[in-house]
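Q: This is the content of coords27.txt (compact mmCIF, C-alpha atoms and all ligand atoms):
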```txt
# COMPACT_ATOMS: atom_id res chain seq x y z
CA MET A 1 231.54 141.19 72.72
CA SER A 2 233.88 142.97 75.08
CA LEU A 3 231.72 144.86 77.54
CA LEU A 4 232.90 145.05 81.15
CA THR A 5 229.61 143.58 82.37
CA ASP A 6 230.07 140.51 80.15
CA PHE A 7 233.58 140.08 81.44
CA ALA A 8 232.44 140.36 85.07
CA ARG A 9 229.59 137.87 84.57
CA ALA A 10 231.83 135.36 82.82
CA GLU A 11 234.38 135.60 85.65
CA ARG A 12 231.64 135.06 88.24
CA HIS A 13 230.43 132.02 86.35
CA LYS A 14 233.95 130.55 86.32
CA GLN A 15 234.33 131.07 90.08
CA GLU A 16 230.95 129.48 90.71
CA GLN A 17 231.79 126.45 88.58
CA ALA A 18 234.98 125.91 90.56
CA CYS A 19 233.22 126.37 93.96
CA ARG A 20 235.43 129.42 94.43
CA LEU A 21 232.83 132.16 94.50
CA ARG A 22 233.58 134.65 97.26
CA GLN A 23 230.82 136.81 98.68
CA LEU A 24 230.69 139.68 101.12
CA ILE A 25 228.12 138.93 103.81
CA SER A 26 227.12 141.65 106.22
CA THR A 27 228.40 140.66 109.66
CA ARG A 28 227.93 142.44 112.99
CA ARG A 29 230.62 141.56 115.49
CA LEU A 30 228.94 141.84 118.88
CA GLY A 31 231.95 141.16 121.13
CA GLY A 32 232.58 138.00 123.14
CA ALA A 33 233.20 135.99 119.90
CA VAL A 34 229.55 136.41 118.83
CA VAL A 35 228.65 137.57 115.34
CA GLU A 36 225.32 138.24 113.68
CA ARG A 37 224.96 136.98 110.09
CA HIS A 38 221.82 136.46 108.06
CA GLY A 39 219.87 137.79 111.07
CA ARG A 40 221.17 135.07 113.43
CA GLN A 41 223.66 135.16 116.26
CA LEU A 42 226.51 132.68 115.87
CA ILE A 43 229.60 131.85 117.88
CA SER A 44 232.42 132.86 115.60
CA PHE A 45 235.54 130.78 115.06
CA ALA A 46 236.44 133.04 112.16
CA CYS A 47 237.87 136.17 113.80
CA ASN A 48 241.58 136.70 114.34
CA ASP A 49 240.81 138.93 117.33
CA TYR A 50 242.51 136.26 119.47
CA LEU A 51 242.61 138.33 122.65
CA GLY A 52 239.15 139.89 122.33
CA LEU A 53 240.71 143.36 122.39
CA SER A 54 238.71 144.95 119.57
CA HIS A 55 235.73 145.24 121.94
CA HIS A 56 237.66 145.91 125.17
CA PRO A 57 236.17 148.97 126.94
CA ALA A 58 239.58 150.58 127.57
CA VAL A 59 240.60 150.14 123.92
CA ILE A 60 237.33 151.68 122.72
CA GLN A 61 237.77 154.54 125.17
CA ALA A 62 241.31 155.20 123.90
CA ALA A 63 240.00 155.40 120.33
CA GLN A 64 237.21 157.76 121.35
CA ASP A 65 239.60 160.04 123.26
CA ALA A 66 242.00 160.16 120.31
CA ALA A 67 239.18 161.06 117.93
CA SER A 68 238.16 163.96 120.20
CA ARG A 69 241.72 165.14 120.51
CA TYR A 70 243.22 164.60 117.07
CA GLY A 71 240.23 164.08 114.75
CA THR A 72 239.12 161.03 112.80
CA GLY A 73 241.62 161.17 109.93
CA ALA A 74 245.34 161.82 109.65
CA GLY A 75 245.01 164.39 106.84
CA ALA A 76 248.04 163.25 104.84
CA SER A 77 250.88 160.77 104.57
CA ARG A 78 253.18 160.27 107.56
CA LEU A 79 255.82 162.29 105.71
CA ILE A 80 253.53 165.32 105.51
CA THR A 81 251.10 165.98 108.40
CA GLY A 82 250.05 162.42 109.24
CA GLU A 83 252.81 161.95 111.82
CA HIS A 84 250.60 162.60 114.85
CA PRO A 85 252.20 162.18 118.28
CA LEU A 86 250.64 158.76 118.84
CA TYR A 87 252.84 157.14 116.17
CA GLU A 88 256.09 157.53 118.05
CA MET A 89 254.54 156.05 121.16
CA LEU A 90 253.18 153.05 119.26
CA GLU A 91 256.49 152.38 117.49
CA ASN A 92 258.41 152.54 120.77
CA GLN A 93 255.95 150.11 122.31
CA LEU A 94 256.31 147.69 119.40
CA ALA A 95 260.10 147.82 119.55
CA ALA A 96 260.03 147.14 123.31
CA LEU A 97 257.49 144.33 122.95
CA THR A 98 259.43 142.52 120.21
CA GLY A 99 262.87 143.19 121.68
CA ALA A 100 263.95 145.07 118.52
CA ASP A 101 265.82 148.39 118.26
CA SER A 102 263.19 150.06 116.23
CA ALA A 103 259.80 149.61 114.56
CA CYS A 104 257.95 151.28 111.71
CA VAL A 105 254.14 151.27 111.48
CA PHE A 106 252.30 151.02 108.15
CA ALA A 107 248.60 151.36 107.32
CA SER A 108 248.12 147.56 107.25
CA GLY A 109 250.03 144.31 107.35
CA TYR A 110 249.45 143.92 103.63
CA LEU A 111 250.94 147.35 102.94
CA THR A 112 253.89 146.55 105.20
CA ASN A 113 254.96 143.64 103.03
CA LEU A 114 254.15 145.52 99.84
CA GLY A 115 256.49 148.28 100.98
CA VAL A 116 259.25 146.48 102.88
CA ILE A 117 260.18 143.82 100.32
CA PRO A 118 260.74 146.22 97.38
CA ALA A 119 262.61 148.56 99.76
CA LEU A 120 265.14 145.75 100.35
CA THR A 121 265.34 143.95 97.01
CA GLY A 122 265.29 144.69 93.28
CA PRO A 123 265.84 143.09 89.89
CA ARG A 124 269.39 141.75 90.55
CA ASP A 125 268.28 140.00 93.72
CA LEU A 126 266.84 136.62 94.70
CA ILE A 127 263.78 135.98 96.87
CA LEU A 128 263.15 132.47 98.23
CA ALA A 129 259.68 132.09 99.75
CA ASP A 130 258.09 129.20 101.61
CA ARG A 131 255.32 127.75 99.45
CA LEU A 132 252.68 128.62 102.06
CA VAL A 133 253.60 132.23 102.89
CA HIS A 134 250.78 134.75 103.01
CA ALA A 135 249.71 136.33 99.72
CA CYS A 136 251.01 139.77 100.67
CA LEU A 137 254.59 138.52 100.97
CA LEU A 138 254.32 137.16 97.44
CA ASP A 139 252.76 140.38 96.17
CA GLY A 140 255.62 142.36 97.73
CA ALA A 141 258.13 139.95 96.17
CA ARG A 142 256.56 140.33 92.72
CA LEU A 143 256.51 144.09 93.05
CA SER A 144 260.23 144.14 93.86
CA GLY A 145 261.21 142.72 90.47
CA ALA A 146 263.58 140.24 92.14
CA ASP A 147 263.79 136.61 90.93
CA LEU A 148 261.22 134.73 93.03
CA THR A 149 261.44 131.00 93.73
CA ARG A 150 259.35 129.00 96.22
CA PHE A 151 260.63 126.24 98.50
CA ARG A 152 258.56 123.34 99.85
CA HIS A 153 256.79 124.18 103.09
CA ASN A 154 259.23 124.19 106.03
CA ASP A 155 261.66 122.06 104.00
CA MET A 156 265.13 123.35 104.91
CA ALA A 157 266.90 120.83 102.65
CA HIS A 158 264.96 122.14 99.66
CA LEU A 159 265.72 125.74 100.66
CA GLU A 160 269.42 124.92 100.95
CA ALA A 161 269.42 123.23 97.54
CA LEU A 162 267.89 126.38 96.02
CA LEU A 163 270.47 128.56 97.76
CA GLN A 164 273.28 126.39 96.39
CA LYS A 165 271.84 126.60 92.92
CA HIS A 166 270.82 130.27 92.69
CA ARG A 167 272.49 132.36 95.41
CA ALA A 168 275.80 133.02 93.68
CA ALA A 169 274.20 134.53 90.57
CA HIS A 170 272.42 137.25 92.57
CA ARG A 171 273.45 140.35 94.48
CA HIS A 172 271.25 139.99 97.59
CA CYS A 173 269.01 137.17 98.74
CA LEU A 174 265.91 137.55 100.92
CA ILE A 175 264.12 134.55 102.44
CA LEU A 176 260.41 134.89 103.27
CA ALA A 177 258.52 132.84 105.85
CA ASP A 178 255.51 133.17 108.13
CA HIS A 179 256.29 132.65 111.80
CA ILE A 180 252.93 130.91 112.20
CA TYR A 181 251.27 129.86 108.93
CA SER A 182 247.86 131.48 108.72
CA MET A 183 245.87 128.61 107.23
CA ASP A 184 247.75 125.69 108.81
CA GLY A 185 248.65 127.09 112.21
CA ASP A 186 252.11 125.46 112.23
CA ALA A 187 255.39 127.27 112.92
CA ALA A 188 258.47 127.98 110.78
CA PRO A 189 261.86 126.73 112.06
CA LEU A 190 263.29 130.21 112.63
CA PRO A 191 266.70 129.14 114.05
CA ALA A 192 267.31 126.89 111.03
CA LEU A 193 266.25 129.67 108.65
CA LEU A 194 268.67 132.08 110.31
CA GLU A 195 271.46 129.55 110.12
CA LEU A 196 270.94 129.20 106.37
CA CYS A 197 270.91 133.00 106.09
CA ALA A 198 274.29 133.16 107.80
CA ASP A 199 275.72 130.32 105.68
CA TYR A 200 274.52 131.77 102.37
CA ASN A 201 274.86 135.47 103.06
CA SER A 202 271.13 136.05 102.95
CA TRP A 203 268.44 138.00 104.81
CA LEU A 204 265.23 136.85 106.47
CA LEU A 205 261.80 138.50 106.70
CA THR A 206 259.25 136.68 108.87
CA ASP A 207 255.53 137.43 109.21
CA HIS A 208 254.22 137.33 112.79
CA ALA A 209 250.57 138.19 112.04
CA HIS A 210 249.36 135.12 113.95
CA SER A 211 251.87 135.01 116.79
CA LEU A 212 251.84 138.53 118.23
CA GLY A 213 250.11 138.34 121.61
CA LEU A 214 250.18 134.55 121.79
CA PRO A 215 252.53 132.60 124.06
CA GLU A 216 255.97 131.81 122.73
CA ASP A 217 256.56 128.12 122.15
CA PRO A 218 259.04 127.08 124.88
CA ALA A 219 260.30 124.34 122.57
CA ALA A 220 261.05 126.85 119.79
CA PRO A 221 261.89 130.25 121.31
CA LEU A 222 262.50 133.19 118.98
CA PRO A 223 266.17 133.54 118.01
CA SER A 224 268.11 136.03 120.11
CA LYS A 225 268.84 139.51 118.83
CA LYS A 226 272.52 138.60 118.73
CA ALA A 227 271.92 135.50 116.58
CA SER A 228 269.97 137.52 114.08
CA GLU A 229 271.50 141.00 114.11
CA GLY A 230 271.68 142.60 110.70
CA ARG A 231 269.99 139.74 108.85
CA TRP A 232 266.50 139.45 110.29
CA LEU A 233 263.39 141.60 110.07
CA ALA A 234 260.07 140.65 111.63
CA MET A 235 256.76 142.13 110.56
CA GLY A 236 253.25 141.73 111.87
CA THR A 237 249.84 143.29 112.03
CA LEU A 238 247.84 145.32 114.53
CA SER A 239 244.58 144.03 113.02
CA LYS A 240 244.52 140.60 114.65
CA ALA A 241 245.46 140.10 118.32
CA ALA A 242 245.87 143.88 118.73
CA GLY A 243 242.23 144.36 117.73
CA ALA A 244 242.81 147.52 115.65
CA ALA A 245 244.44 148.00 112.25
CA GLY A 246 247.89 148.74 110.85
CA GLY A 247 251.05 146.77 110.19
CA TYR A 248 254.59 147.03 111.49
CA VAL A 249 258.11 145.90 110.78
CA CYS A 250 260.81 145.79 113.42
CA GLY A 251 264.55 145.28 113.42
CA GLU A 252 267.89 147.06 113.69
CA LYS A 253 267.49 150.86 113.63
CA ASP A 254 269.38 151.71 110.43
CA ILE A 255 267.42 149.09 108.48
CA ILE A 256 264.14 150.48 109.81
CA ALA A 257 265.27 154.03 109.00
CA HIS A 258 266.00 152.93 105.41
CA ILE A 259 262.50 151.41 105.15
CA ARG A 260 260.92 154.55 106.60
CA ARG A 261 262.61 156.66 103.93
CA THR A 262 261.96 154.41 100.95
CA ALA A 263 258.94 152.10 101.32
CA ARG A 264 256.43 153.39 98.77
CA SER A 265 253.44 152.01 100.64
CA LEU A 266 254.44 154.23 103.57
CA VAL A 267 255.27 157.33 101.57
CA TYR A 268 252.31 157.34 99.20
CA THR A 269 249.43 156.45 101.48
CA THR A 270 247.68 158.45 104.17
CA ALA A 271 248.74 157.77 107.75
CA LEU A 272 246.50 155.70 110.01
CA PRO A 273 243.63 157.54 111.70
CA PRO A 274 244.61 158.69 115.22
CA PRO A 275 241.83 156.62 116.90
CA THR A 276 243.25 153.45 115.28
CA VAL A 277 246.78 154.16 116.49
CA ALA A 278 245.49 154.94 119.98
CA ALA A 279 243.45 151.72 120.05
CA ALA A 280 246.44 149.62 118.94
CA SER A 281 248.64 151.24 121.54
CA LYS A 282 246.16 150.59 124.37
CA ALA A 283 245.67 147.04 123.14
CA LEU A 284 249.44 146.39 123.28
CA ASP A 285 249.47 147.63 126.90
CA ILE A 286 246.70 145.19 127.81
CA MET A 287 248.36 142.37 125.84
CA GLN A 288 251.49 142.80 127.94
CA ALA A 289 249.74 143.30 131.27
CA GLU A 290 247.38 140.34 130.78
CA PRO A 291 249.30 137.42 129.28
CA TRP A 292 246.45 135.11 130.37
CA ARG A 293 244.55 136.27 127.28
CA GLY A 294 247.01 134.69 124.83
CA ARG A 295 247.42 131.61 127.01
CA THR A 296 243.64 131.11 127.13
CA ALA A 297 243.23 131.49 123.35
CA GLN A 298 245.96 128.88 122.86
CA ALA A 299 244.44 126.57 125.50
CA HIS A 300 241.08 126.77 123.70
CA ALA A 301 242.69 125.77 120.39
CA GLN A 302 244.50 122.91 122.12
CA LEU A 303 241.29 121.72 123.79
CA PHE A 304 239.52 121.58 120.42
CA ALA A 305 242.47 119.80 118.76
CA GLN A 306 242.50 117.23 121.54
CA GLN A 307 238.77 116.61 121.20
CA MET A 308 239.13 116.19 117.43
CA ASP A 309 242.26 114.03 117.69
CA LEU A 310 244.38 116.57 115.84
CA PRO A 311 248.00 117.60 116.54
CA SER A 312 248.26 120.18 119.32
CA PRO A 313 248.65 123.63 117.70
CA PRO A 314 251.42 126.05 118.76
CA THR A 315 249.04 129.03 118.74
CA ALA A 316 245.30 129.54 118.21
CA ILE A 317 244.62 128.19 114.68
CA VAL A 318 243.38 124.67 113.91
CA PRO A 319 242.66 123.49 110.35
CA TRP A 320 240.25 120.67 109.52
CA MET A 321 241.13 119.36 106.08
CA THR A 322 238.35 118.41 103.69
CA GLY A 323 240.29 118.27 100.41
CA GLU A 324 237.56 119.43 98.08
CA SER A 325 235.95 122.88 98.20
CA GLU A 326 232.41 121.45 98.07
CA ALA A 327 233.00 119.47 101.25
CA ALA A 328 234.40 122.52 103.05
CA LEU A 329 231.42 124.63 101.99
CA ALA A 330 228.92 121.94 103.03
CA LEU A 331 230.50 121.57 106.49
CA SER A 332 230.64 125.32 106.98
CA THR A 333 226.94 125.62 106.09
CA ALA A 334 225.99 122.76 108.41
CA LEU A 335 227.95 124.28 111.30
CA GLU A 336 226.27 127.62 110.69
CA LYS A 337 222.89 125.89 111.05
CA ALA A 338 224.11 124.57 114.41
CA GLY A 339 225.05 128.11 115.55
CA PHE A 340 228.78 128.25 114.72
CA PHE A 341 230.51 130.40 112.14
CA VAL A 342 233.56 128.65 110.69
CA PRO A 343 234.81 129.75 107.26
CA ALA A 344 235.51 127.35 104.40
CA ILE A 345 239.00 128.11 103.08
CA ARG A 346 239.37 127.26 99.42
CA PRO A 347 241.90 127.70 96.62
CA PRO A 348 243.55 129.99 95.68
CA THR A 349 244.01 130.84 99.40
CA VAL A 350 245.24 127.25 99.86
CA PRO A 351 246.67 124.86 97.22
CA PRO A 352 244.18 122.94 95.01
CA GLY A 353 242.79 119.84 96.74
CA GLN A 354 243.56 121.25 100.20
CA ALA A 355 240.31 123.03 101.05
CA ARG A 356 239.55 123.10 104.75
CA LEU A 357 237.69 124.65 107.63
CA ARG A 358 239.84 127.05 109.60
CA PHE A 359 239.07 127.40 113.31
CA ALA A 360 240.47 130.46 115.08
CA PHE A 361 240.17 130.54 118.87
CA SER A 362 240.04 133.48 121.23
CA CYS A 363 240.14 133.96 124.97
CA ASP A 364 236.46 134.95 124.69
CA HIS A 365 235.32 131.44 123.78
CA ASP A 366 234.22 129.14 126.56
CA PRO A 367 235.13 125.47 126.93
CA ASP A 368 231.47 124.41 126.76
CA SER A 369 230.85 125.88 123.34
CA ILE A 370 234.17 124.45 122.12
CA THR A 371 233.03 121.01 123.27
CA ARG A 372 229.66 121.47 121.54
CA LEU A 373 231.48 122.57 118.39
CA ALA A 374 233.71 119.48 118.44
CA GLU A 375 230.72 117.20 119.00
CA GLU A 376 228.84 118.78 116.11
CA LEU A 377 231.84 118.50 113.79
CA LYS A 378 232.34 114.85 114.75
CA ARG A 379 228.66 114.14 114.15
CA LEU A 380 228.73 115.85 110.75
CA THR A 381 231.91 114.20 109.55
CA THR A 382 230.96 110.67 110.60
CA HIS A 383 227.52 111.21 109.07
CA HIS A 384 229.09 112.28 105.75
CA LEU A 385 231.44 109.31 105.54
C1 LIG B 1 246.25 139.01 107.89
C2 LIG B 1 247.63 138.76 107.44
C3 LIG B 1 248.40 139.80 106.87
C4 LIG B 1 247.81 141.11 106.50
O1 LIG B 1 247.58 141.91 107.59
P1 LIG B 1 246.49 143.08 107.48
O2 LIG B 1 246.85 144.00 108.58
O3 LIG B 1 245.18 142.42 107.65
O4 LIG B 1 246.65 143.70 106.13
C5 LIG B 1 249.71 139.52 106.59
N1 LIG B 1 250.26 138.32 106.82
C6 LIG B 1 249.55 137.31 107.35
C7 LIG B 1 250.21 136.00 107.59
C8 LIG B 1 248.21 137.50 107.66
O5 LIG B 1 247.50 136.48 108.14
```
Represent the supplied structure as structure tokens.
Ligand SMILES: *Cc1c(COP(=O)(O)O)cnc(C)c1O

A:
Amino acid sequence: MSLLTDFARAERHKQEQACRLRQLISTRRLGGAVVERHGRQLISFACNDYLGLSHHPAVIQAAQDAASRYGTGAGASRLITGEHPLYEMLENQLAALTGADSACVFASGYLTNLGVIPALTGPRDLILADRLVHACLLDGARLSGADLTRFRHNDMAHLEALLQKHRAAHRHCLILADHIYSMDGDAAPLPALLELCADYNSWLLTDHAHSLGLPEDPAAPLPSKKASEGRWLAMGTLSKAAGAAGGYVCGEKDIIAHIRRTARSLVYTTALPPPTVAAASKALDIMQAEPWRGRTAQAHAQLFAQQMDLPSPPTAIVPWMTGESEAALALSTALEKAGFFVPAIRPPTVPPGQARLRFAFSCDHDPDSITRLAEELKRLTTHHL
């Protein structure tokens, strides 16, 4: 038998057997970190809306005004009629915010990596990626046709060994890392990565999806423009702390101009809707004017980590490791009963045997509910032991 339905049912069965079944559950985000699922209101520790900007009245107003003025859709790709006036403003804001010369906005963070990596590398090139980078960096790397090798997470000695072994046989080399790792919440050693790039004539692309809008770690400041000129590109998303949608890459202006001309995921997709660009732009204004938002999100994550006896996180993500998928699912279900929504993260999003709960904090949480959450998690985990 080779009917599509049989195939789909067999695949579902396999996912179920492995505790990897993924389901779409209707969720109403009500603002203030509250979501409604299965008819119940829960405090969500699942949203990446770290600064609460997706429900900010001024951001909503900006989107509404843009819809009235420019319509709800862009009509075509940015290279045709999609280049509405709001794009230039947003790209200038992003360049100013990140201290780069220039920025280019894509329709999502995923599409940014899918477009940027093949615009920079091809079959004669080498890509070295941290083992824990986000899936879209790997998808972009695969699409480029370059030789892809992974190095152990944050292990600079392993990366250097791979450079020694493989660099010379390739034309260009691109290193891929997340600035903050999405499922672990830890940071990449950017200065060390840039040093290796300089030593081995390589380039660096870092993913800032989970650090935009959050305080910079004073112990590990971002490398200066001078230290990184010509070798480093940073990308990120407007869908998390910026509360809207879209992705961006920023760097030196000629590199960005090359990407703008050649990235297929920019050329062959419709531009972002004007209300989305307007919302992102307003959100970036608020992000800059109100740095307390990022500081509060981070303080909430640190409070939870302290209560659970976990290492203090650099940003707003705290993982709670369970190992097996079943255990992560059971804890997530039990927390939902207690009024908290915390997703179980399972393979293939994380390596086998490293299932976990992932807690994401926002400035909209309050210390009381964080304390109740920690108490509930402690109760559940001691009970299960
Ligand atoms: C969410 C995420 C992306 C993708 O961004 P979207 O705008 O949601 O497509 C890319 N990289 C990392 C690390 C992410 O967490």

Q: Name the residues, by chain letter and number, that sit within 8 Å of ligand LIG 1 (chain B) using all atoms listed in the file, and give them as a PDB file with C-alpha atoms, in the coordinates of the input.

A:
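This went into result.pdb:
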```
ATOM      1  CA  ALA A 107     248.600 151.360 107.320  1.00  0.00           C
ATOM      2  CA  SER A 108     248.120 147.560 107.250  1.00  0.00           C
ATOM      3  CA  GLY A 109     250.030 144.310 107.350  1.00  0.00           C
ATOM      4  CA  TYR A 110     249.450 143.920 103.630  1.00  0.00           C
ATOM      5  CA  LEU A 111     250.940 147.350 102.940  1.00  0.00           C
ATOM      6  CA  THR A 112     253.890 146.550 105.200  1.00  0.00           C
ATOM      7  CA  ASN A 113     254.960 143.640 103.030  1.00  0.00           C
ATOM      8  CA  VAL A 133     253.600 132.230 102.890  1.00  0.00           C
ATOM      9  CA  HIS A 134     250.780 134.750 103.010  1.00  0.00           C
ATOM     10  CA  ALA A 135     249.710 136.330  99.720  1.00  0.00           C
ATOM     11  CA  CYS A 136     251.010 139.770 100.670  1.00  0.00           C
ATOM     12  CA  LEU A 137     254.590 138.520 100.970  1.00  0.00           C
ATOM     13  CA  ASP A 178     255.510 133.170 108.130  1.00  0.00           C
ATOM     14  CA  ILE A 180     252.930 130.910 112.200  1.00  0.00           C
ATOM     15  CA  TYR A 181     251.270 129.860 108.930  1.00  0.00           C
ATOM     16  CA  SER A 182     247.860 131.480 108.720  1.00  0.00           C
ATOM     17  CA  ASP A 207     255.530 137.430 109.210  1.00  0.00           C
ATOM     18  CA  HIS A 208     254.220 137.330 112.790  1.00  0.00           C
ATOM     19  CA  ALA A 209     250.570 138.190 112.040  1.00  0.00           C
ATOM     20  CA  HIS A 210     249.360 135.120 113.950  1.00  0.00           C
ATOM     21  CA  GLY A 236     253.250 141.730 111.870  1.00  0.00           C
ATOM     22  CA  THR A 237     249.840 143.290 112.030  1.00  0.00           C
ATOM     23  CA  LEU A 238     247.840 145.320 114.530  1.00  0.00           C
ATOM     24  CA  SER A 239     244.580 144.030 113.020  1.00  0.00           C
ATOM     25  CA  LYS A 240     244.520 140.600 114.650  1.00  0.00           C
ATOM     26  CA  ALA A 245     244.440 148.000 112.250  1.00  0.00           C
ATOM     27  CA  GLY A 246     247.890 148.740 110.850  1.00  0.00           C
ATOM     28  CA  GLY A 247     251.050 146.770 110.190  1.00  0.00           C
TER      29      GLY A 247
END
```

Q: Please measure the separation of CA of Leu335 (chain A) and CA of Val350 (chain A), giving the value in Å to one decimal.

A: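 Straight-line distance from CA of Leu335 (chain A) to CA of Val350 (chain A) works out to 20.9 Å.
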
Q: Please determine the residues with any atom at most 9 Å from (260.1, 147.0, 114.7) (coordinates as given in the file, with only C-alpha atoms counting) and report them as a PyMOL selection string.

A: chain A and resi 91-92+94-96+98-105+233-235+248-253+256

Q: With all atoms listed in the file as the basis for distance, which of A:Glu290, A:Thr276, A:Arg261, A:Pro191 is at the shortest distance from Ala219 (chain A)?

A: A:Pro191

Q: Suppose you want the space between CA of Asp184 (chain A) and CA of Pro311 (chain A); what is it in Å?

A: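 For CA of Asp184 (chain A) relative to CA of Pro311 (chain A), the distance reads 11.2 Å.
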
Q: Skip region 115-131 of chain A itself and residues of its chain fewer than 6 positions away, then list as a ChimeraX atom specification all residues within 9 Å of it, counting only C-alpha atoms.

A: /A:106,137-138,140-155,159,162-163,166-167,169-178,205,249,258-259,262-266

Q: Would you output that residue set with C-alpha atoms, as a compact mmCIF listing (two decimals), in the coordinates of the input?

A:
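The result, written out as selection_19.txt:
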```
# COMPACT_ATOMS: atom_id res chain seq x y z
CA PHE A 106 252.30 151.02 108.15
CA LEU A 137 254.59 138.52 100.97
CA LEU A 138 254.32 137.16 97.44
CA GLY A 140 255.62 142.36 97.73
CA ALA A 141 258.13 139.95 96.17
CA ARG A 142 256.56 140.33 92.72
CA LEU A 143 256.51 144.09 93.05
CA SER A 144 260.23 144.14 93.86
CA GLY A 145 261.21 142.72 90.47
CA ALA A 146 263.58 140.24 92.14
CA ASP A 147 263.79 136.61 90.93
CA LEU A 148 261.22 134.73 93.03
CA THR A 149 261.44 131.00 93.73
CA ARG A 150 259.35 129.00 96.22
CA PHE A 151 260.63 126.24 98.50
CA ARG A 152 258.56 123.34 99.85
CA HIS A 153 256.79 124.18 103.09
CA ASN A 154 259.23 124.19 106.03
CA ASP A 155 261.66 122.06 104.00
CA LEU A 159 265.72 125.74 100.66
CA LEU A 162 267.89 126.38 96.02
CA LEU A 163 270.47 128.56 97.76
CA HIS A 166 270.82 130.27 92.69
CA ARG A 167 272.49 132.36 95.41
CA ALA A 169 274.20 134.53 90.57
CA HIS A 170 272.42 137.25 92.57
CA ARG A 171 273.45 140.35 94.48
CA HIS A 172 271.25 139.99 97.59
CA CYS A 173 269.01 137.17 98.74
CA LEU A 174 265.91 137.55 100.92
CA ILE A 175 264.12 134.55 102.44
CA LEU A 176 260.41 134.89 103.27
CA ALA A 177 258.52 132.84 105.85
CA ASP A 178 255.51 133.17 108.13
CA LEU A 205 261.80 138.50 106.70
CA VAL A 249 258.11 145.90 110.78
CA HIS A 258 266.00 152.93 105.41
CA ILE A 259 262.50 151.41 105.15
CA THR A 262 261.96 154.41 100.95
CA ALA A 263 258.94 152.10 101.32
CA ARG A 264 256.43 153.39 98.77
CA SER A 265 253.44 152.01 100.64
CA LEU A 266 254.44 154.23 103.57
```

Q: Give me the residues near His55 (chain A) as a list in words, where near means some atom within 12 Å (using only C-alpha atoms) and where sequence neighbours in that chain fewer than 4 positions away do not count.

A: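 Non-adjacent residues within range: Arg29, Leu30, Gly31, Gly32, Ala33, Val34, Asp49, Tyr50, Leu51, Val59, Ile60, Gln61, Ala62, Ala63, Ala241, Ala242, Gly243, Ala244, Ala279, Ala280, Lys282, Ala283 and Asp364 of chain A.
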
Q: Go ahead and save the picked residues with C-alpha atoms, as a JSON list (two decimals), in the coordinates of the input.

A:
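Written out: selection-v3.json:
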```
[["chain", "number", "residue", "atom", "x", "y", "z"],
["A", 29, "ARG", "CA", 230.62, 141.56, 115.49],
["A", 30, "LEU", "CA", 228.94, 141.84, 118.88],
["A", 31, "GLY", "CA", 231.95, 141.16, 121.13],
["A", 32, "GLY", "CA", 232.58, 138.00, 123.14],
["A", 33, "ALA", "CA", 233.20, 135.99, 119.90],
["A", 34, "VAL", "CA", 229.55, 136.41, 118.83],
["A", 49, "ASP", "CA", 240.81, 138.93, 117.33],
["A", 50, "TYR", "CA", 242.51, 136.26, 119.47],
["A", 51, "LEU", "CA", 242.61, 138.33, 122.65],
["A", 59, "VAL", "CA", 240.60, 150.14, 123.92],
["A", 60, "ILE", "CA", 237.33, 151.68, 122.72],
["A", 61, "GLN", "CA", 237.77, 154.54, 125.17],
["A", 62, "ALA", "CA", 241.31, 155.20, 123.90],
["A", 63, "ALA", "CA", 240.00, 155.40, 120.33],
["A", 241, "ALA", "CA", 245.46, 140.10, 118.32],
["A", 242, "ALA", "CA", 245.87, 143.88, 118.73],
["A", 243, "GLY", "CA", 242.23, 144.36, 117.73],
["A", 244, "ALA", "CA", 242.81, 147.52, 115.65],
["A", 279, "ALA", "CA", 243.45, 151.72, 120.05],
["A", 280, "ALA", "CA", 246.44, 149.62, 118.94],
["A", 282, "LYS", "CA", 246.16, 150.59, 124.37],
["A", 283, "ALA", "CA", 245.67, 147.04, 123.14],
["A", 364, "ASP", "CA", 236.46, 134.95, 124.69]]
```

Q: For CA of Ile317 (chain A) and CA of Ser228 (chain A), quote the distance in Å rounded to one decimal.

A: 27.0 Å

Q: Which residues are close to Pro319 (chain A), i.e. within 8 Å by all atoms listed in the file, leaving aside same-chain residues fewer than 6 positions away? Reply as a tab-separated table (two decimals) with C-alpha atoms, keeping the file's coordinate frame.

A:
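Final file, selection.tsv:
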```
chain	number	residue	atom	x	y	z
A	183	MET	CA	245.87	128.61	107.23
A	184	ASP	CA	247.75	125.69	108.81
A	185	GLY	CA	248.65	127.09	112.21
A	356	ARG	CA	239.55	123.10	104.75
A	357	LEU	CA	237.69	124.65	107.63
A	358	ARG	CA	239.84	127.05	109.60
A	359	PHE	CA	239.07	127.40	113.31
```
